[in-house]
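Trainee: Contents of coords.cif (mmCIF, C-alpha atoms and all ligand atoms) are below:
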```
data_run
#
loop_
_atom_site.label_atom_id
_atom_site.label_comp_id
_atom_site.auth_asym_id
_atom_site.auth_seq_id
_atom_site.Cartn_x
_atom_site.Cartn_y
_atom_site.Cartn_z
CA MET A 257 -18.28 1.98 36.10
CA SER A 258 -21.80 3.28 36.48
CA SER A 259 -24.00 3.22 39.53
CA LYS A 260 -26.08 0.55 37.80
CA ASP A 261 -23.19 -1.88 38.02
CA TRP A 262 -22.78 -1.13 41.67
CA ILE A 263 -26.40 -1.67 42.52
CA GLU A 264 -26.26 -4.94 40.66
CA LYS A 265 -23.26 -6.26 42.54
CA ASP A 266 -23.98 -8.18 45.70
CA PHE A 267 -20.88 -7.71 47.80
CA TYR A 268 -22.35 -9.73 50.65
CA ALA A 269 -22.84 -12.71 48.34
CA VAL A 270 -19.31 -12.30 46.97
CA LEU A 271 -17.89 -12.61 50.49
CA GLY A 272 -20.47 -15.22 51.49
CA VAL A 273 -21.71 -13.31 54.51
CA ASP A 274 -25.10 -12.20 55.78
CA LYS A 275 -26.27 -8.65 55.22
CA ALA A 276 -26.15 -8.14 58.97
CA ALA A 277 -22.62 -9.55 59.28
CA SER A 278 -20.33 -7.82 61.74
CA ALA A 279 -17.17 -6.04 60.64
CA ASP A 280 -15.22 -8.90 62.14
CA ASP A 281 -17.15 -11.54 60.18
CA ILE A 282 -16.59 -9.56 56.99
CA LYS A 283 -12.89 -9.35 57.62
CA LYS A 284 -12.64 -13.07 58.35
CA ALA A 285 -14.60 -14.00 55.25
CA TYR A 286 -12.45 -11.73 53.09
CA ARG A 287 -9.17 -13.06 54.49
CA LYS A 288 -10.21 -16.65 53.86
CA LEU A 289 -11.30 -15.87 50.29
CA ALA A 290 -8.19 -13.81 49.55
CA ARG A 291 -5.94 -16.58 50.84
CA GLU A 292 -7.64 -19.24 48.74
CA SER A 293 -7.81 -17.24 45.53
CA HIS A 294 -4.59 -15.27 45.78
CA PRO A 295 -2.72 -15.16 42.43
CA ASP A 296 0.48 -16.26 44.18
CA HIS A 297 -1.17 -19.57 45.04
CA ASN A 298 -3.01 -19.90 41.76
CA PRO A 299 -0.55 -18.80 39.08
CA GLY A 300 -2.11 -18.63 35.63
CA ASP A 301 -5.65 -19.32 36.89
CA PRO A 302 -7.86 -16.49 35.61
CA LYS A 303 -10.90 -17.69 37.57
CA ALA A 304 -9.03 -17.54 40.86
CA GLU A 305 -7.78 -14.09 39.89
CA GLU A 306 -11.34 -12.97 39.21
CA ARG A 307 -12.51 -14.32 42.56
CA PHE A 308 -9.61 -12.57 44.24
CA LYS A 309 -10.37 -9.24 42.64
CA ALA A 310 -14.09 -9.54 43.31
CA ALA A 311 -13.40 -10.27 46.97
CA SER A 312 -11.04 -7.29 47.20
CA GLU A 313 -13.61 -5.08 45.57
CA ALA A 314 -16.35 -6.22 47.95
CA TYR A 315 -14.14 -5.89 51.01
CA ASN A 316 -13.05 -2.45 49.91
CA VAL A 317 -16.63 -1.23 50.24
CA LEU A 318 -17.95 -3.35 53.11
CA SER A 319 -14.94 -2.81 55.38
CA ASP A 320 -15.53 0.92 55.36
CA THR A 321 -18.44 1.79 57.66
CA GLY A 322 -19.38 4.92 55.73
CA ARG A 323 -19.27 3.35 52.34
CA ARG A 324 -21.03 0.20 53.50
CA ARG A 325 -23.89 2.43 54.69
CA GLU A 326 -24.06 4.21 51.31
CA TYR A 327 -24.01 0.90 49.53
CA ASP A 328 -26.79 -0.55 51.74
CA GLU A 329 -28.84 2.58 51.21
CA LEU A 330 -28.46 2.47 47.47
CA ARG A 331 -29.48 -1.16 47.29
CA SER A 332 -32.47 -0.77 49.58
CA LEU A 333 -33.58 2.22 47.49
CA PHE A 334 -33.80 0.22 44.31
CA GLY A 335 -33.83 -3.41 45.31
CA SER A 336 -31.15 -5.27 43.46
CA GLY A 337 -33.37 -8.00 42.01
CA ALA A 338 -36.03 -5.72 40.59
CA PHE A 339 -33.44 -3.38 39.23
CA ARG A 340 -31.48 -6.10 37.56
CA ARG A 341 -34.55 -7.33 35.69
CA ASN A 342 -35.34 -3.83 34.60
CA ALA A 343 -31.85 -2.92 33.55
CA ARG A 344 -31.15 -6.10 31.64
CA GLY A 345 -34.53 -7.22 30.44
CA GLY A 346 -35.93 -3.86 29.38
CA GLY A 347 -39.27 -3.70 31.17
CA GLN A 348 -40.08 -7.31 31.90
CA PRO A 349 -42.97 -7.96 34.27
CA GLY A 350 -41.84 -7.36 37.81
CA GLY A 351 -39.33 -4.76 36.77
CA MET A 352 -39.36 -1.28 38.14
CA PRO A 353 -41.90 1.07 36.60
CA PHE A 354 -39.25 3.66 35.75
CA ASP A 355 -35.83 3.72 34.24
CA VAL A 356 -33.25 4.29 36.91
CA SER A 357 -30.67 5.56 34.47
CA ASP A 358 -33.00 8.47 33.65
CA MET A 359 -33.12 9.33 37.29
CA PHE A 360 -29.37 9.27 37.63
CA GLY A 361 -28.43 11.15 34.52
CA GLY A 362 -29.81 14.26 32.87
CA ALA A 363 -30.90 17.59 34.28
CA GLY A 364 -32.98 16.16 37.12
CA GLY A 365 -30.13 14.06 38.42
CA GLY A 366 -29.10 16.41 41.20
CA ASP A 367 -29.99 15.24 44.65
CA ARG A 368 -30.17 17.69 47.51
CA ARG A 369 -28.76 15.23 50.00
CA PHE A 370 -25.50 15.42 48.12
CA GLY A 371 -25.35 19.14 47.72
CA GLY A 372 -26.66 19.12 44.16
CA ALA A 373 -23.98 16.90 42.75
CA GLY A 374 -25.26 14.49 40.10
CA PHE A 375 -26.14 11.09 41.48
CA GLN A 376 -24.29 9.39 38.68
CA ASP A 377 -21.09 11.38 39.16
CA LEU A 378 -21.16 10.96 42.86
CA PHE A 379 -21.57 7.22 42.91
CA SER A 380 -19.14 6.54 40.15
CA SER A 381 -16.57 8.55 42.06
CA ILE A 382 -17.23 6.83 45.31
CA PHE A 383 -17.08 3.41 43.81
CA SER A 384 -14.53 4.01 41.10
CA GLY A 385 -12.29 1.45 42.77
CA GLY A 386 -14.43 -1.14 41.10
CA GLN A 387 -12.75 -0.38 37.81
CA ALA A 388 -9.58 -1.92 39.09
CA GLY A 389 -11.48 -4.79 40.60
CA GLY A 390 -12.16 -6.38 37.25
CA GLN A 391 -15.22 -8.40 36.34
CA ALA A 392 -16.67 -10.20 39.30
CA ALA A 393 -19.43 -11.97 37.41
CA PRO A 394 -18.50 -15.30 35.82
CA ARG A 395 -18.18 -14.97 32.08
CA GLY A 396 -19.47 -17.42 29.50
CA PRO A 397 -17.87 -18.57 26.25
CA ALA A 398 -16.50 -15.72 24.18
CA ARG A 399 -16.05 -15.69 20.41
CA GLY A 400 -12.47 -15.11 19.30
CA ARG A 401 -11.62 -11.76 17.77
CA ASP A 402 -11.72 -11.16 14.03
CA VAL A 403 -8.33 -10.65 12.46
CA GLU A 404 -7.56 -8.43 9.47
CA THR A 405 -4.52 -8.74 7.30
CA GLU A 406 -3.30 -7.66 3.88
CA VAL A 407 -1.77 -9.73 1.11
CA ALA A 408 -0.15 -8.67 -2.17
CA LEU A 409 -0.68 -11.09 -5.06
CA ASP A 410 1.05 -11.27 -8.40
CA PHE A 411 -1.22 -10.35 -11.28
CA GLY A 412 -1.19 -13.84 -12.78
CA ASP A 413 -1.78 -15.52 -9.41
CA ALA A 414 -4.83 -13.33 -8.86
CA VAL A 415 -6.23 -14.24 -12.30
CA ARG A 416 -5.57 -17.96 -12.02
CA GLY A 417 -6.08 -18.36 -8.26
CA VAL A 418 -3.35 -19.38 -5.86
CA THR A 419 -2.75 -20.96 -2.46
CA LEU A 420 -0.28 -19.05 -0.30
CA PRO A 421 1.10 -19.54 3.21
CA LEU A 422 -0.02 -16.61 5.35
CA THR A 423 1.80 -15.70 8.55
CA LEU A 424 -0.19 -13.83 11.19
CA ARG A 425 1.11 -12.10 14.25
CA ALA A 426 -1.11 -11.76 17.31
CA PRO A 427 -0.59 -10.99 20.98
CA GLY A 428 -0.47 -14.08 23.18
CA VAL A 429 0.39 -15.16 26.70
CA CYS A 430 4.11 -15.65 27.41
CA GLU A 431 4.72 -19.37 27.88
CA THR A 432 7.92 -18.90 29.87
CA CYS A 433 6.16 -17.18 32.78
CA HIS A 434 2.54 -18.19 31.97
CA GLY A 435 1.65 -14.54 31.75
CA ASN A 436 2.56 -13.43 35.27
CA GLY A 437 5.69 -11.60 34.06
CA ALA A 438 7.99 -13.09 36.71
CA LYS A 439 11.29 -14.83 36.00
CA PRO A 440 10.85 -18.63 36.10
CA GLY A 441 11.46 -19.85 39.65
CA THR A 442 10.18 -16.60 41.13
CA GLN A 443 6.64 -15.43 41.80
CA PRO A 444 5.02 -12.00 41.64
CA ARG A 445 4.85 -10.56 45.15
CA THR A 446 1.75 -9.10 46.74
CA CYS A 447 1.85 -5.34 46.25
CA PRO A 448 3.07 -3.76 49.51
CA VAL A 449 1.09 -0.57 48.89
CA CYS A 450 -2.41 -1.96 48.34
CA HIS A 451 -1.80 -5.39 49.94
CA GLY A 452 -3.07 -7.13 46.87
CA ALA A 453 -6.37 -5.28 46.58
CA GLY A 454 -5.29 -3.42 43.45
CA VAL A 455 -6.96 -0.26 44.74
CA THR A 456 -6.02 2.40 47.23
CA THR A 457 -8.38 4.62 49.14
CA ARG A 458 -8.01 8.26 49.95
CA ASP A 459 -10.30 10.52 51.92
CA GLN A 460 -11.74 13.72 50.54
CA GLY A 461 -14.19 15.59 52.71
CA ALA A 462 -17.05 13.37 53.74
CA PHE A 463 -16.25 10.73 51.18
CA SER A 464 -13.42 8.37 50.56
CA PHE A 465 -12.38 7.62 47.03
CA SER A 466 -10.92 4.43 45.67
CA GLU A 467 -8.53 4.47 42.76
CA PRO A 468 -6.32 1.89 41.06
CA CYS A 469 -3.09 1.36 43.00
CA ARG A 470 -0.28 3.26 41.31
CA ASN A 471 2.43 0.98 42.60
CA CYS A 472 1.08 -2.11 40.86
CA GLN A 473 -1.18 -0.47 38.23
CA GLY A 474 -4.17 -2.13 39.85
CA VAL A 475 -2.89 -5.68 39.40
CA GLY A 476 -2.37 -6.32 43.12
CA THR A 477 1.04 -7.90 42.62
CA VAL A 478 4.48 -6.63 41.67
CA VAL A 479 7.22 -8.46 39.77
CA GLU A 480 10.72 -8.20 41.25
CA GLU A 481 12.68 -10.28 38.75
CA LYS A 482 11.27 -9.91 35.28
CA CYS A 483 10.72 -12.80 32.91
CA PRO A 484 13.54 -12.65 30.32
CA GLU A 485 11.20 -13.73 27.52
CA CYS A 486 8.54 -11.02 27.83
CA HIS A 487 10.47 -8.51 29.99
CA GLY A 488 7.80 -8.65 32.66
CA THR A 489 4.84 -7.81 30.46
CA GLY A 490 3.47 -11.37 30.50
CA GLY A 491 2.64 -11.08 26.81
CA VAL A 492 4.46 -12.02 23.63
CA THR A 493 3.77 -11.73 19.93
CA LYS A 494 2.77 -15.08 18.55
CA THR A 495 2.97 -16.04 14.91
CA ARG A 496 0.89 -18.65 13.18
CA THR A 497 1.04 -19.73 9.58
CA MET A 498 -1.81 -21.10 7.53
CA ASN A 499 -2.43 -21.85 3.89
CA VAL A 500 -5.00 -19.59 2.30
CA ARG A 501 -6.65 -20.34 -1.03
CA PHE A 502 -7.31 -17.25 -3.17
CA PRO A 503 -9.95 -18.06 -5.79
CA ALA A 504 -9.31 -17.44 -9.48
CA GLY A 505 -10.25 -13.89 -10.46
CA VAL A 506 -9.69 -12.29 -7.07
CA ALA A 507 -9.48 -8.53 -7.64
CA ASP A 508 -7.39 -5.70 -6.26
CA GLY A 509 -9.12 -4.17 -3.22
CA GLN A 510 -11.27 -7.24 -2.57
CA ARG A 511 -11.74 -8.52 0.98
CA ILE A 512 -11.83 -12.26 1.52
CA ARG A 513 -13.50 -13.66 4.63
CA LEU A 514 -12.21 -16.92 6.02
CA ALA A 515 -14.72 -18.06 8.63
CA GLY A 516 -13.23 -19.43 11.84
CA ARG A 517 -9.64 -18.58 10.91
CA GLY A 518 -9.34 -15.60 13.24
CA GLU A 519 -8.29 -15.74 16.87
CA PRO A 520 -9.42 -18.78 18.83
CA GLY A 521 -12.42 -18.35 21.14
CA GLU A 522 -12.22 -18.35 24.92
CA ARG A 523 -13.82 -20.86 27.25
CA GLY A 524 -15.16 -22.97 24.40
CA GLY A 525 -16.40 -20.05 22.26
CA PRO A 526 -16.08 -20.15 18.47
CA ALA A 527 -13.05 -18.69 16.70
CA GLY A 528 -13.27 -15.30 15.02
CA ASP A 529 -12.98 -14.75 11.28
CA LEU A 530 -9.96 -13.82 9.24
CA PHE A 531 -10.38 -10.99 6.73
CA VAL A 532 -7.73 -10.71 4.05
CA HIS A 533 -7.48 -7.50 2.06
CA VAL A 534 -6.11 -8.33 -1.36
CA LYS A 535 -3.71 -6.09 -3.25
CA VAL A 536 -2.87 -7.15 -6.79
CA ARG A 537 0.49 -6.08 -8.20
CA PRO A 538 0.16 -4.60 -11.68
CA ASP A 539 1.40 -6.63 -14.64
CA GLU A 540 3.88 -5.07 -17.05
CA LEU A 541 1.72 -6.02 -20.06
CA PHE A 542 -1.82 -6.73 -19.04
CA GLY A 543 -4.48 -4.64 -17.36
CA ARG A 544 -7.79 -5.86 -16.05
CA THR A 545 -11.40 -4.67 -16.17
CA GLY A 546 -13.63 -7.06 -14.26
CA ASP A 547 -13.20 -10.44 -15.90
CA ASP A 548 -11.64 -9.01 -19.06
CA LEU A 549 -7.91 -8.60 -19.50
CA THR A 550 -6.66 -5.64 -21.53
CA LEU A 551 -3.62 -5.26 -23.74
CA SER A 552 -2.38 -2.40 -25.91
CA VAL A 553 -0.71 -3.31 -29.22
CA PRO A 554 1.21 -0.80 -31.38
CA VAL A 555 0.57 -1.10 -35.14
CA THR A 556 1.96 0.91 -38.05
CA PHE A 557 -0.18 3.12 -40.23
CA ALA A 558 0.37 0.70 -43.10
CA GLU A 559 -0.78 -2.26 -40.99
CA ALA A 560 -3.92 -0.41 -39.99
CA VAL A 561 -4.65 0.62 -43.58
CA LEU A 562 -3.73 -2.61 -45.36
CA GLY A 563 -4.74 -5.04 -42.62
CA THR A 564 -2.59 -7.74 -41.04
CA ASP A 565 -2.54 -10.74 -38.73
CA LEU A 566 -1.20 -9.97 -35.25
CA ARG A 567 0.32 -12.54 -32.95
CA VAL A 568 -0.32 -11.30 -29.40
CA PRO A 569 0.42 -12.84 -26.01
CA THR A 570 -2.31 -13.95 -23.62
CA LEU A 571 -1.71 -14.67 -19.95
CA ASP A 572 -1.03 -18.33 -20.71
CA GLY A 573 -0.02 -18.44 -24.37
CA ALA A 574 -0.57 -16.49 -27.59
CA VAL A 575 -3.35 -15.91 -30.11
CA THR A 576 -3.50 -14.62 -33.67
CA LEU A 577 -5.82 -11.66 -34.25
CA ARG A 578 -7.01 -10.56 -37.68
CA VAL A 579 -6.74 -6.79 -38.22
CA PRO A 580 -9.05 -6.00 -41.16
CA PRO A 581 -7.92 -3.43 -43.80
CA GLY A 582 -8.91 0.13 -42.86
CA THR A 583 -8.93 -0.42 -39.09
CA PRO A 584 -8.89 2.94 -37.26
CA SER A 585 -6.53 3.71 -34.39
CA GLY A 586 -8.01 2.85 -31.02
CA ARG A 587 -10.12 -0.05 -32.35
CA VAL A 588 -10.55 -2.81 -29.75
CA LEU A 589 -10.25 -6.41 -30.90
CA ARG A 590 -11.62 -9.18 -28.75
CA ALA A 591 -10.00 -12.58 -28.10
CA ARG A 592 -12.92 -14.49 -26.60
CA GLY A 593 -12.37 -16.58 -23.50
CA LYS A 594 -8.79 -15.38 -22.99
CA GLY A 595 -9.61 -13.34 -19.90
CA VAL A 596 -10.19 -14.31 -16.28
CA VAL A 597 -11.69 -17.77 -15.82
CA ARG A 598 -14.33 -17.49 -13.12
CA ARG A 599 -15.33 -20.18 -10.63
CA ASP A 600 -18.41 -21.11 -12.68
CA GLY A 601 -16.15 -21.92 -15.65
CA GLN A 602 -17.19 -18.84 -17.65
CA ALA A 603 -14.29 -16.69 -18.81
CA GLY A 604 -13.80 -13.06 -19.66
CA ASP A 605 -12.14 -11.88 -22.88
CA LEU A 606 -8.79 -10.40 -23.82
CA LEU A 607 -9.45 -6.88 -25.16
CA VAL A 608 -6.69 -5.75 -27.52
CA THR A 609 -6.53 -2.03 -28.24
CA LEU A 610 -4.76 -1.11 -31.48
CA ASP A 611 -2.49 1.89 -31.15
CA VAL A 612 -1.35 3.37 -34.50
CA VAL A 613 2.12 4.73 -33.91
CA VAL A 614 3.58 7.66 -35.78
CA PRO A 615 7.31 7.26 -36.55
CA ALA A 616 9.41 10.13 -35.25
CA ARG A 617 12.01 9.67 -37.96
CA LEU A 618 11.97 8.31 -41.49
CA SER A 619 14.69 7.09 -43.82
CA ASP A 620 15.05 9.03 -47.10
CA GLU A 621 13.41 6.18 -48.98
CA ALA A 622 10.50 6.01 -46.59
CA ARG A 623 10.07 9.79 -46.74
CA ALA A 624 10.02 9.74 -50.57
CA ALA A 625 7.48 6.92 -50.54
CA LEU A 626 5.30 8.75 -48.02
CA GLU A 627 5.39 11.96 -50.02
CA ALA A 628 4.34 10.01 -53.09
CA PHE A 629 1.52 8.49 -51.03
CA ALA A 630 0.47 11.93 -49.77
CA GLU A 631 0.05 13.21 -53.31
CA GLN A 632 -2.19 10.28 -54.14
CA SER A 633 -4.22 10.11 -50.91
CA PRO A 634 -7.55 11.90 -50.52
CA PRO A 635 -7.57 14.84 -48.08
CA ALA A 636 -8.61 14.26 -44.49
CA ALA A 637 -12.32 14.79 -43.87
CA ARG A 638 -12.24 18.14 -42.08
CA GLU A 639 -14.46 20.39 -44.21
CA HIS A 640 -16.74 20.97 -41.22
CA LEU A 641 -13.79 22.44 -39.30
CA ASP A 642 -12.68 24.57 -42.21
CA ALA A 643 -16.18 26.03 -42.44
CA ARG A 644 -16.06 27.11 -38.78
CA VAL A 645 -12.57 28.61 -39.28
CA ARG A 646 -13.85 30.73 -42.22
CA ARG A 647 -16.79 32.03 -40.19
CA VAL A 648 -14.71 33.23 -37.21
CA SER A 649 -11.78 34.76 -39.16
ZN ZN A 701 -0.77 -2.15 44.55
ZN ZN A 702 7.22 -13.97 30.35
#
```
As structure tokens, please, write out the structure in this file.

Mentor:
Amino acid sequence: MSSKDWIEKDFYAVLGVDKAASADDIKKAYRKLARESHPDHNPGDPKAEERFKAASEAYNVLSDTGRRREYDELRSLFGSGAFRRNARGGGQPGGMPFDVSDMFGGAGGGDRRFGGAGFQDLFSSIFSGGQAGGQAAPRGPARGRDVETEVALDFGDAVRGVTLPLTLRAPGVCETCHGNGAKPGTQPRTCPVCHGAGVTTRDQGAFSFSEPCRNCQGVGTVVEEKCPECHGTGGVTKTRTMNVRFPAGVADGQRIRLAGRGEPGERGGPAGDLFVHVKVRPDELFGRTGDDLTLSVPVTFAEAVLGTDLRVPTLDGAVTLRVPPGTPSGRVLRARGKGVVRRDGQAGDLLVTLDVVVPARLSDEARAALEAFAEQSPPAAREHLDARVRRVS
């Protein structure tokens, strides 16, 4: 918490007392507020909890004569209203003619009154108890968080599109104890160390320091008998399942955004978005390049030389491809429209790569026939290589 936050906070307003209020009036006002907003009397009411913490935070400063004086001094130095406009509005008319954060931070921040210690450091130490005090200001609607998840799709499902149930896990409030962590029928007890303030104060030299209470971790209450559902944490993992439509042609590595399907908003805010990272499992036959599917088909030397008709599978059937005589190894044949059908109705192609295979073994008859063929066939066209070999040897 920075000194800015502290100047902005009006502890007198939080307690509903005058700036000149006596220590007794402050104590009375705090006790009344603490009683009304105490978490024990308002289980599961976050607004009451906020009021309670804000009151504790304010009382923590105003009940200490020394710190109340520092606080008053700081606020009269900068004037809370003017500062607030300046800090939030960035130089609106009426704001202060200089940036207070510059004064606090940086090389010039040392102030002789405090023995050269940086203003910023000093005040954040003095008022560090505020960190445990939580947010005193009322908060408006908040958008729910975005959620990211990953889904693995079968190859064919990704090409054709598919609707799948998706189960998401997210932290939620335990319904057995409504988030207070106490066994049903029991209540969290006010922390005996900090008396519910959530902060403890210790003195060091001329200053006293506030820090979050170690006994209750700054919550202000302790749980004696833990809720069996959440083991005293107040939180559980919630699962929710929804159907998600993956469009035809979704690709491996793609991220799909589902607006408003993330975590619900708070206090009437909109829900966050759900982002689904798509993994596509490889297919044992087909590959994919953009909207085209790929397939490798082995052919014999004779088929490549003499030509043939090939019956090859597509993702949803089969097609016949004409291999013309004299087709070289590696030639790609195209089956139009047999690839990925996109949303606009256009489709990619199936690209069939011919792979001339060389038999590792031959029967005697095949060998004799091949040798006869070799005698009749023209030599391979490698004169250009032979020329180079002659020159270097
Ligand atoms: Zn405590
Ligand atoms: Zn619970």

Trainee: Check which residues fall inside 6 Å of ligand ZN 702 (chain A) when counting all atoms listed in the file, and print them as a ChimeraX atom specification.

Mentor: /A:430,432-433,435,437,483,485-486,488,490

Trainee: Go ahead and write the residues just picked, C-alpha atoms, as an mmCIF file, keeping the file's coordinate frame.

Mentor:
```cif
data_model
loop_
_atom_site.group_PDB
_atom_site.id
_atom_site.type_symbol
_atom_site.label_atom_id
_atom_site.label_comp_id
_atom_site.auth_asym_id
_atom_site.auth_seq_id
_atom_site.Cartn_x
_atom_site.Cartn_y
_atom_site.Cartn_z
ATOM 1 C CA CYS A 430 4.110 -15.650 27.410
ATOM 2 C CA THR A 432 7.920 -18.900 29.870
ATOM 3 C CA CYS A 433 6.160 -17.180 32.780
ATOM 4 C CA GLY A 435 1.650 -14.540 31.750
ATOM 5 C CA GLY A 437 5.690 -11.600 34.060
ATOM 6 C CA CYS A 483 10.720 -12.800 32.910
ATOM 7 C CA GLU A 485 11.200 -13.730 27.520
ATOM 8 C CA CYS A 486 8.540 -11.020 27.830
ATOM 9 C CA GLY A 488 7.800 -8.650 32.660
ATOM 10 C CA GLY A 490 3.470 -11.370 30.500
#
```

Trainee: Between A:Leu566, A:Val449, A:Leu641, A:Val597, which residue has the minimum interatomic distance to ligand ZN 701 (chain A), considering only C-alpha atoms and all ligand atoms?

Mentor: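 Looking at the shortest contact to ligand ZN 701 (chain A), the residue is A:Val449.
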
Trainee: Could you list, as number ranges by chain, all residues that come within 9 Å of ligand ZN 701 (chain A)? Count only C-alpha atoms and all ligand atoms.

Mentor: A: 446-456, 468-478

Trainee: One decimal, in Å: what's the spacing between CA of Leu607 in chain A and CA of Thr550 in chain A?

Mentor: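 Rounded to one decimal, the two atoms are 4.7 Å apart.
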
Trainee: Can you tell me, as a PyMOL selection string, what residues are no more than 12 Å from Phe411 in chain A when counting only C-alpha atoms, ignoring any on the same chain fewer than 3 positions away?

Mentor: chain A and resi 408+414-418+504-508+534-544+549+571+596

Trainee: Considering only C-alpha atoms, state which residue in the set A:Val532, A:Arg590, A:Asp274, A:Val648 is at the smallest distance from Val575 in chain A.

Mentor: A:Arg590

Trainee: Which residue out of A:Leu271, A:Val403, A:Leu606, A:Val429 has the minimum interatomic distance to Leu514 in chain A when all atoms listed in the file are used?

Mentor: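 Of all the options, A:Val403 lies closest to Leu514 in chain A.
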
Trainee: Have a look at A:Arg458, A:His533, A:Arg425, A:His640 and name the one nearest to Phe502 in chain A; count only C-alpha atoms.

Mentor: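 Comparing A:Arg458, A:His533, A:Arg425, A:His640 against Phe502 in chain A, the winner is A:His533.
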